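S.K.: Here it is: the structure, laid out below.
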Amino acid sequence: MAAVSFEGVSKRYGEVVALDALDLEVREGEFVSLLGPSGSGKSTTLNLLAGLMDADAGVIRIGGRDVTALPPERRDIAMVFQNYALYPHLTVFENMAFPLEARKPKPAASAIRAKVEQVAGVLGIGMLLARYPKEISGGQQQRVALGRAMVRDPTVFLLDEPLSNLDARLRIRMRRDLKALHHAIGSTIVYVTHDQAEAMTLSSRIAVFDHGRLQQYATPAEIYDRPANVFVANFVGDRETNFLDGSLSAEGEELAFASALGRVPLGRPRGALDARGPLRLGVRPEAVGVLPDPDAPLRVTLAELSGADLFLTIRAADGLEVVARADPRATRVAEGDGVRLAFDPSRLHLFDAGTGVAIAHGT
Amino acid sequence: MHGLILRRRIGRGLVNLLIAGFALFPILWGLSSSLKPTERIVEFPPRLLPDEPTLEHYARIFQDDAAFYILNSGLVSAATVVLTLILGALGGYALARYDFRGRSLTMMATVAVMSIPIASLLVPTFTLISVLGLYDTRLGLVLLYTAYQLPAAIWMLYGYFMSLPVELENAARVDGCSPTRTLRKVVLPLSKPGLVAAALFILVFAWNDFVVAVTMTSSQEVRTFPVAIYFYLGFYGREWGPLLAASLVSIVPIIAVFVFLQRYFMSGLTGGGVKG
């Protein structure tokens, strides 16, 4: 049984379509990220699921139950907000006990205390219970917000960019803690983020949104290796994907891509390649090989060393730029050097240049 | 200490003293006069301090049942504050958080009503109150005061609720609270400064009101303190001693409430001092 399902759910604000006929299913125990830039519809989706907004059309189910018309308090969900939304007039203990106190019938005080202390123990915030939210650090507030959600043992956890207010190091640590927590409690989690790295590392599946539409819904590996369209290819990944416009040129059995950078051999890509119209080739920086060649018309204009990686920006005479990721210990290339490029055919993506939809992938 | 800083401090102190003196002089003069025997109050040239202070005027007003009138005023004021706050909080919250048909019209009407002078409403409300059988009752006064103060209360509380982060209410809803429980457990506790500021505002009006009370009541049983004070400006001339003594007594409860609630009041005036 699906823990959460959206069936043709739409939401408009006046003329603006915030969410357009969304179909999405989250299985029991899955960690699903809703990924997209701001205004893409991911937060709208979460708010609709929480009941903080009403859908204009469609059906939302939680645990098989139609909750479309139910107010938030009757949906049996728990939510962690971006700014934590801890009640400032209540102590950490009272904050965590709050959802239990609101329950009907109200559990016994001893049962509430036991549950709060148990969850506080799991999260390592047992010593903070008597403090007020403003007296503890951002990371601790984050844990309290998580704890307030956990005491309820809800059908689904909703997390709205919970890590975005933390500094970079703490964010990566909390990311690991969150993943470990998910393994430990095995709950269904719906997680909203605009950070593709968070979505990649945490999720069982990622739903990529743009302009109110679900662009692709698949595992992180699938999303990364076989992006459904130009938007997904570009949005997911530490660095932007390189795109080249051109067309197919067949030479016997071998297919190639003719572009401003010359002829790119495609090997034998999977998928039907009868498209003859204008195409767009996507290639991630790590699939671009760089070979020194003083006579080549391409020049390295920027070399960025990040420690583990060396990112090279290479410019052709007509201004076209390609970014390549290279191993700094194996690459002897400096800014201004002439280079030749070699694309790994197994990691190329072909898109329809008009619609942006993927036609074929190297793998 | 540096001479310049010292001089600036002294200068600032003098200015403050001047302003305070200007504001307080009538009250201090009243206090001084209320402690003088009757024949000395209007003597010329006037004396700043009574040479033989007496409490006879204070004794007199309490013989005249001042305590009863104070109790009346207190009852009417307290009931007005409670009723206005309840209605004002509900109205302000609805305007701040719910989008309903006629919302902006309601807001505009609320503001517009505040600009109608109460004096112009006296005649029609007198008729209304009489028809309702509420003439010369405490309930009639409470309802009228509430009606007069409700727009201001709604407006003040609306502004305060708008300054609260809406996520807290969303969190409460998701945590299992109905809208009313959310209001009770989250919104109102966080709105204490706003509620206190509004309460003081209403209290000062209800406690000090003379015009409405003198129009809408006649019997001694429901007489409020400001009306009772007015009776010292009687048929047989002005009784300055009891008049001043009663006026000073009437200030005391308000000052006491202000002092007691000062910390809330100040943060209420600066608005929304609540962390998200």
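Going by the structure tokens order, chains are called A, B, ..., each with residues numbered from 1, while ligands are numbered from 1 in the order shown.
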Would you kindly return, as a ChimeraX atom specification, each protein, DNA or RNA residue with an atom no farther than 12 Å from any atom of A:Met174, considering only C-alpha atoms and excluding same-chain residues fewer than 3 positions away?
M.R.: /A:123,138-140,142-143,146,162-171,177-182,198,201-202
S.K.: Counting only C-alpha atoms, what is within 12 Å of A:Leu348, bar same-chain residues fewer than 6 positions away, as a PDB file with N, CA and C atoms, in the first residue's frame?
M.R.:
ATOM      1  N   TYR A 224      20.427  10.804 -12.129  1.00  0.00           N
ATOM      2  CA  TYR A 224      21.744  11.334 -12.497  1.00  0.00           C
ATOM      3  C   TYR A 224      22.198  10.792 -13.846  1.00  0.00           C
ATOM      4  N   ASP A 225      22.021   9.493 -14.054  1.00  0.00           N
ATOM      5  CA  ASP A 225      22.548   8.863 -15.265  1.00  0.00           C
ATOM      6  C   ASP A 225      21.601   8.964 -16.453  1.00  0.00           C
ATOM      7  N   ARG A 226      20.311   9.049 -16.188  1.00  0.00           N
ATOM      8  CA  ARG A 226      19.348   9.080 -17.287  1.00  0.00           C
ATOM      9  C   ARG A 226      18.323  10.187 -17.053  1.00  0.00           C
ATOM     10  N   PRO A 227      18.773  11.438 -17.038  1.00  0.00           N
ATOM     11  CA  PRO A 227      17.845  12.551 -16.787  1.00  0.00           C
ATOM     12  C   PRO A 227      16.765  12.613 -17.875  1.00  0.00           C
ATOM     13  N   ALA A 233      18.800  17.299 -16.138  1.00  0.00           N
ATOM     14  CA  ALA A 233      20.236  17.110 -16.352  1.00  0.00           C
ATOM     15  C   ALA A 233      21.013  18.293 -15.798  1.00  0.00           C
ATOM     16  N   THR A 241      25.595  20.851 -16.167  1.00  0.00           N
ATOM     17  CA  THR A 241      25.923  20.008 -17.308  1.00  0.00           C
ATOM     18  C   THR A 241      26.261  20.900 -18.507  1.00  0.00           C
ATOM     19  N   ASN A 242      27.219  20.432 -19.341  1.00  0.00           N
ATOM     20  CA  ASN A 242      27.535  21.158 -20.583  1.00  0.00           C
ATOM     21  C   ASN A 242      26.526  20.777 -21.656  1.00  0.00           C
ATOM     22  N   PHE A 243      26.070  21.765 -22.384  1.00  0.00           N
ATOM     23  CA  PHE A 243      25.138  21.478 -23.473  1.00  0.00           C
ATOM     24  C   PHE A 243      25.700  21.992 -24.794  1.00  0.00           C
ATOM     25  N   LEU A 244      25.583  21.156 -25.818  1.00  0.00           N
ATOM     26  CA  LEU A 244      26.030  21.536 -27.156  1.00  0.00           C
ATOM     27  C   LEU A 244      24.876  21.333 -28.119  1.00  0.00           C
ATOM     28  N   ALA A 256      27.426   9.902 -34.884  1.00  0.00           N
ATOM     29  CA  ALA A 256      28.203  11.013 -34.338  1.00  0.00           C
ATOM     30  C   ALA A 256      27.305  12.238 -34.223  1.00  0.00           C
ATOM     31  N   PHE A 257      27.824  13.214 -33.483  1.00  0.00           N
ATOM     32  CA  PHE A 257      27.060  14.430 -33.236  1.00  0.00           C
ATOM     33  C   PHE A 257      27.869  15.584 -33.784  1.00  0.00           C
ATOM     34  N   VAL A 264      31.424  14.738 -32.542  1.00  0.00           N
ATOM     35  CA  VAL A 264      31.519  13.980 -31.293  1.00  0.00           C
ATOM     36  C   VAL A 264      31.012  12.570 -31.544  1.00  0.00           C
ATOM     37  N   PRO A 265      31.877  11.561 -31.450  1.00  0.00           N
ATOM     38  CA  PRO A 265      31.395  10.197 -31.668  1.00  0.00           C
ATOM     39  C   PRO A 265      30.458   9.759 -30.543  1.00  0.00           C
ATOM     40  N   LEU A 266      29.364   9.145 -30.897  1.00  0.00           N
ATOM     41  CA  LEU A 266      28.365   8.775 -29.889  1.00  0.00           C
ATOM     42  C   LEU A 266      28.408   7.297 -29.534  1.00  0.00           C
ATOM     43  N   GLY A 267      29.245   6.520 -30.188  1.00  0.00           N
ATOM     44  CA  GLY A 267      29.224   5.082 -29.932  1.00  0.00           C
ATOM     45  C   GLY A 267      27.902   4.529 -30.385  1.00  0.00           C
ATOM     46  N   ARG A 268      27.323   3.653 -29.581  1.00  0.00           N
ATOM     47  CA  ARG A 268      26.010   3.116 -29.947  1.00  0.00           C
ATOM     48  C   ARG A 268      25.021   3.395 -28.827  1.00  0.00           C
ATOM     49  N   PRO A 269      24.496   4.591 -28.779  1.00  0.00           N
ATOM     50  CA  PRO A 269      23.569   4.937 -27.695  1.00  0.00           C
ATOM     51  C   PRO A 269      22.301   4.101 -27.771  1.00  0.00           C
ATOM     52  N   ARG A 270      21.753   3.824 -26.571  1.00  0.00           N
ATOM     53  CA  ARG A 270      20.483   3.115 -26.524  1.00  0.00           C
ATOM     54  C   ARG A 270      19.361   4.071 -26.860  1.00  0.00           C
ATOM     55  N   ARG A 280      20.247  18.484 -28.788  1.00  0.00           N
ATOM     56  CA  ARG A 280      21.127  19.087 -27.792  1.00  0.00           C
ATOM     57  C   ARG A 280      21.849  17.948 -27.084  1.00  0.00           C
ATOM     58  N   LEU A 281      23.147  18.057 -27.022  1.00  0.00           N
ATOM     59  CA  LEU A 281      23.953  17.028 -26.384  1.00  0.00           C
ATOM     60  C   LEU A 281      24.317  17.495 -24.980  1.00  0.00           C
ATOM     61  N   GLY A 282      24.050  16.645 -23.985  1.00  0.00           N
ATOM     62  CA  GLY A 282      24.417  16.982 -22.618  1.00  0.00           C
ATOM     63  C   GLY A 282      25.580  16.115 -22.169  1.00  0.00           C
ATOM     64  N   VAL A 283      26.553  16.755 -21.559  1.00  0.00           N
ATOM     65  CA  VAL A 283      27.679  15.972 -21.053  1.00  0.00           C
ATOM     66  C   VAL A 283      28.153  16.601 -19.743  1.00  0.00           C
ATOM     67  N   ARG A 284      28.209  15.761 -18.710  1.00  0.00           N
ATOM     68  CA  ARG A 284      28.624  16.267 -17.401  1.00  0.00           C
ATOM     69  C   ARG A 284      30.131  16.509 -17.379  1.00  0.00           C
ATOM     70  N   PRO A 285      30.585  17.426 -16.535  1.00  0.00           N
ATOM     71  CA  PRO A 285      32.018  17.755 -16.506  1.00  0.00           C
ATOM     72  C   PRO A 285      32.908  16.519 -16.330  1.00  0.00           C
ATOM     73  N   GLU A 286      32.453  15.527 -15.549  1.00  0.00           N
ATOM     74  CA  GLU A 286      33.333  14.382 -15.315  1.00  0.00           C
ATOM     75  C   GLU A 286      33.417  13.452 -16.513  1.00  0.00           C
ATOM     76  N   ALA A 287      32.565  13.667 -17.533  1.00  0.00           N
ATOM     77  CA  ALA A 287      32.619  12.826 -18.726  1.00  0.00           C
ATOM     78  C   ALA A 287      33.425  13.503 -19.843  1.00  0.00           C
ATOM     79  N   VAL A 288      34.026  14.634 -19.490  1.00  0.00           N
ATOM     80  CA  VAL A 288      34.826  15.357 -20.480  1.00  0.00           C
ATOM     81  C   VAL A 288      36.307  15.110 -20.194  1.00  0.00           C
ATOM     82  N   ALA A 342      37.802  15.064 -25.219  1.00  0.00           N
ATOM     83  CA  ALA A 342      37.277  13.745 -25.582  1.00  0.00           C
ATOM     84  C   ALA A 342      36.104  13.453 -24.669  1.00  0.00           C
ATOM     85  N   ALA A 358      14.541  14.056 -23.189  1.00  0.00           N
ATOM     86  CA  ALA A 358      15.652  13.158 -23.504  1.00  0.00           C
ATOM     87  C   ALA A 358      15.253  12.180 -24.601  1.00  0.00           C
ATOM     88  N   ILE A 359      16.210  11.918 -25.528  1.00  0.00           N
ATOM     89  CA  ILE A 359      15.965  10.965 -26.610  1.00  0.00           C
ATOM     90  C   ILE A 359      16.758   9.694 -26.357  1.00  0.00           C
ATOM     91  N   ALA A 360      18.005   9.868 -25.918  1.00  0.00           N
ATOM     92  CA  ALA A 360      18.841   8.688 -25.685  1.00  0.00           C
ATOM     93  C   ALA A 360      19.927   9.025 -24.683  1.00  0.00           C
ATOM     94  N   HIS A 361      20.384   7.975 -23.976  1.00  0.00           N
ATOM     95  CA  HIS A 361      21.474   8.129 -23.022  1.00  0.00           C
ATOM     96  C   HIS A 361      22.562   7.142 -23.373  1.00  0.00           C
ATOM     97  N   GLY A 362      23.805   7.500 -23.035  1.00  0.00           N
ATOM     98  CA  GLY A 362      24.926   6.613 -23.315  1.00  0.00           C
ATOM     99  C   GLY A 362      24.834   5.304 -22.546  1.00  0.00           C
ATOM    100  N   THR A 363      24.240   5.354 -21.370  1.00  0.00           N
ATOM    101  CA  THR A 363      24.114   4.113 -20.602  1.00  0.00           C
ATOM    102  C   THR A 363      22.649   3.739 -20.445  1.00  0.00           C
TER     103      THR A 363
END
S.K.: Show me which bits of chain B are within 7 Å of chain A, counting only C-alpha atoms, as a list in words.
M.R.: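 The selection requested is Glu167, Leu168, Asn170, Ala171, Arg173, Val174, Asp175, Gly176, Cys177, Ser178, Leu190, Lys275 and Gly276 of chain B.
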S.K.: Considering only C-alpha atoms, return as a list in words whatever protein or nucleic-acid residues lie within 10 Å of stretch 323-330 of chain A, sequence-local ones (same chain, fewer than 4 positions apart) excluded.
M.R.: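 Using only C-alpha atoms, the neighbours found are Arg239, Glu240, Thr241, Asn242, Val283, Arg284, Pro285, Glu286, Ala287, Val288, Gly289, Val290, Val300, Leu302, Ala303, Glu304, Leu305, Ser306, Gly307, Ala308, Asp309, Leu310, Phe311, Leu312, Thr313, Ile314, Arg315, Leu341 and Phe343 of chain A.
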S.K.: Could those residues be written to a file, using N, CA and C atoms, as a tab-separated table (two decimals), in the first residue's frame?
M.R.:
chain	number	residue	atom	x	y	z
A	239	ARG	N	27.96	20.37	-10.50
A	239	ARG	CA	28.24	21.41	-11.49
A	239	ARG	C	27.20	21.32	-12.59
A	240	GLU	N	27.01	22.41	-13.30
A	240	GLU	CA	26.06	22.39	-14.41
A	240	GLU	C	26.55	21.46	-15.51
A	241	THR	N	25.59	20.85	-16.17
A	241	THR	CA	25.92	20.01	-17.31
A	241	THR	C	26.26	20.90	-18.51
A	242	ASN	N	27.22	20.43	-19.34
A	242	ASN	CA	27.54	21.16	-20.58
A	242	ASN	C	26.53	20.78	-21.66
A	283	VAL	N	26.55	16.76	-21.56
A	283	VAL	CA	27.68	15.97	-21.05
A	283	VAL	C	28.15	16.60	-19.74
A	284	ARG	N	28.21	15.76	-18.71
A	284	ARG	CA	28.62	16.27	-17.40
A	284	ARG	C	30.13	16.51	-17.38
A	285	PRO	N	30.58	17.43	-16.53
A	285	PRO	CA	32.02	17.76	-16.51
A	285	PRO	C	32.91	16.52	-16.33
A	286	GLU	N	32.45	15.53	-15.55
A	286	GLU	CA	33.33	14.38	-15.32
A	286	GLU	C	33.42	13.45	-16.51
A	287	ALA	N	32.56	13.67	-17.53
A	287	ALA	CA	32.62	12.83	-18.73
A	287	ALA	C	33.42	13.50	-19.84
A	288	VAL	N	34.03	14.63	-19.49
A	288	VAL	CA	34.83	15.36	-20.48
A	288	VAL	C	36.31	15.11	-20.19
A	289	GLY	N	37.01	14.51	-21.16
A	289	GLY	CA	38.45	14.29	-21.01
A	289	GLY	C	39.20	15.45	-21.65
A	290	VAL	N	40.31	15.84	-21.02
A	290	VAL	CA	41.08	16.98	-21.52
A	290	VAL	C	42.50	16.53	-21.87
A	300	VAL	N	42.12	26.76	-22.40
A	300	VAL	CA	41.66	26.75	-21.01
A	300	VAL	C	41.61	28.19	-20.52
A	302	LEU	N	39.94	29.06	-17.50
A	302	LEU	CA	39.85	29.13	-16.04
A	302	LEU	C	40.18	27.76	-15.48
A	303	ALA	N	41.05	27.71	-14.48
A	303	ALA	CA	41.35	26.45	-13.80
A	303	ALA	C	41.02	26.63	-12.32
A	304	GLU	N	40.04	25.88	-11.81
A	304	GLU	CA	39.63	26.00	-10.41
A	304	GLU	C	39.97	24.71	-9.68
A	305	LEU	N	40.87	24.81	-8.72
A	305	LEU	CA	41.25	23.64	-7.94
A	305	LEU	C	40.41	23.61	-6.67
A	306	SER	N	39.64	22.51	-6.48
A	306	SER	CA	38.81	22.44	-5.28
A	306	SER	C	39.42	21.51	-4.26
A	307	GLY	N	40.65	21.05	-4.50
A	307	GLY	CA	41.28	20.08	-3.61
A	307	GLY	C	41.29	18.73	-4.27
A	308	ALA	N	40.13	18.07	-4.23
A	308	ALA	CA	40.04	16.75	-4.83
A	308	ALA	C	39.95	16.85	-6.36
A	309	ASP	N	39.36	17.91	-6.84
A	309	ASP	CA	39.11	18.01	-8.28
A	309	ASP	C	39.69	19.30	-8.85
A	310	LEU	N	39.94	19.23	-10.16
A	310	LEU	CA	40.36	20.42	-10.88
A	310	LEU	C	39.30	20.69	-11.94
A	311	PHE	N	38.62	21.82	-11.84
A	311	PHE	CA	37.59	22.15	-12.83
A	311	PHE	C	38.20	23.10	-13.85
A	312	LEU	N	38.12	22.71	-15.12
A	312	LEU	CA	38.70	23.51	-16.20
A	312	LEU	C	37.58	24.06	-17.06
A	313	THR	N	37.61	25.37	-17.27
A	313	THR	CA	36.67	25.97	-18.21
A	313	THR	C	37.41	26.16	-19.54
A	314	ILE	N	36.84	25.55	-20.58
A	314	ILE	CA	37.50	25.56	-21.88
A	314	ILE	C	36.63	26.31	-22.87
A	315	ARG	N	37.27	27.22	-23.60
A	315	ARG	CA	36.50	28.07	-24.49
A	315	ARG	C	36.93	27.87	-25.94
A	341	LEU	N	39.43	17.95	-26.58
A	341	LEU	CA	38.45	17.33	-25.67
A	341	LEU	C	38.07	15.95	-26.18
A	343	PHE	N	34.93	13.18	-25.27
A	343	PHE	CA	33.75	12.90	-24.44
A	343	PHE	C	33.58	11.41	-24.28
S.K.: Rounded to one decimal in Å, what is the spacing between atom CA of A:Glu30 and atom CA of A:Glu117?
M.R.: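 Answer for the atom CA of A:Glu30 to atom CA of A:Glu117 separation: 26.6 Å.
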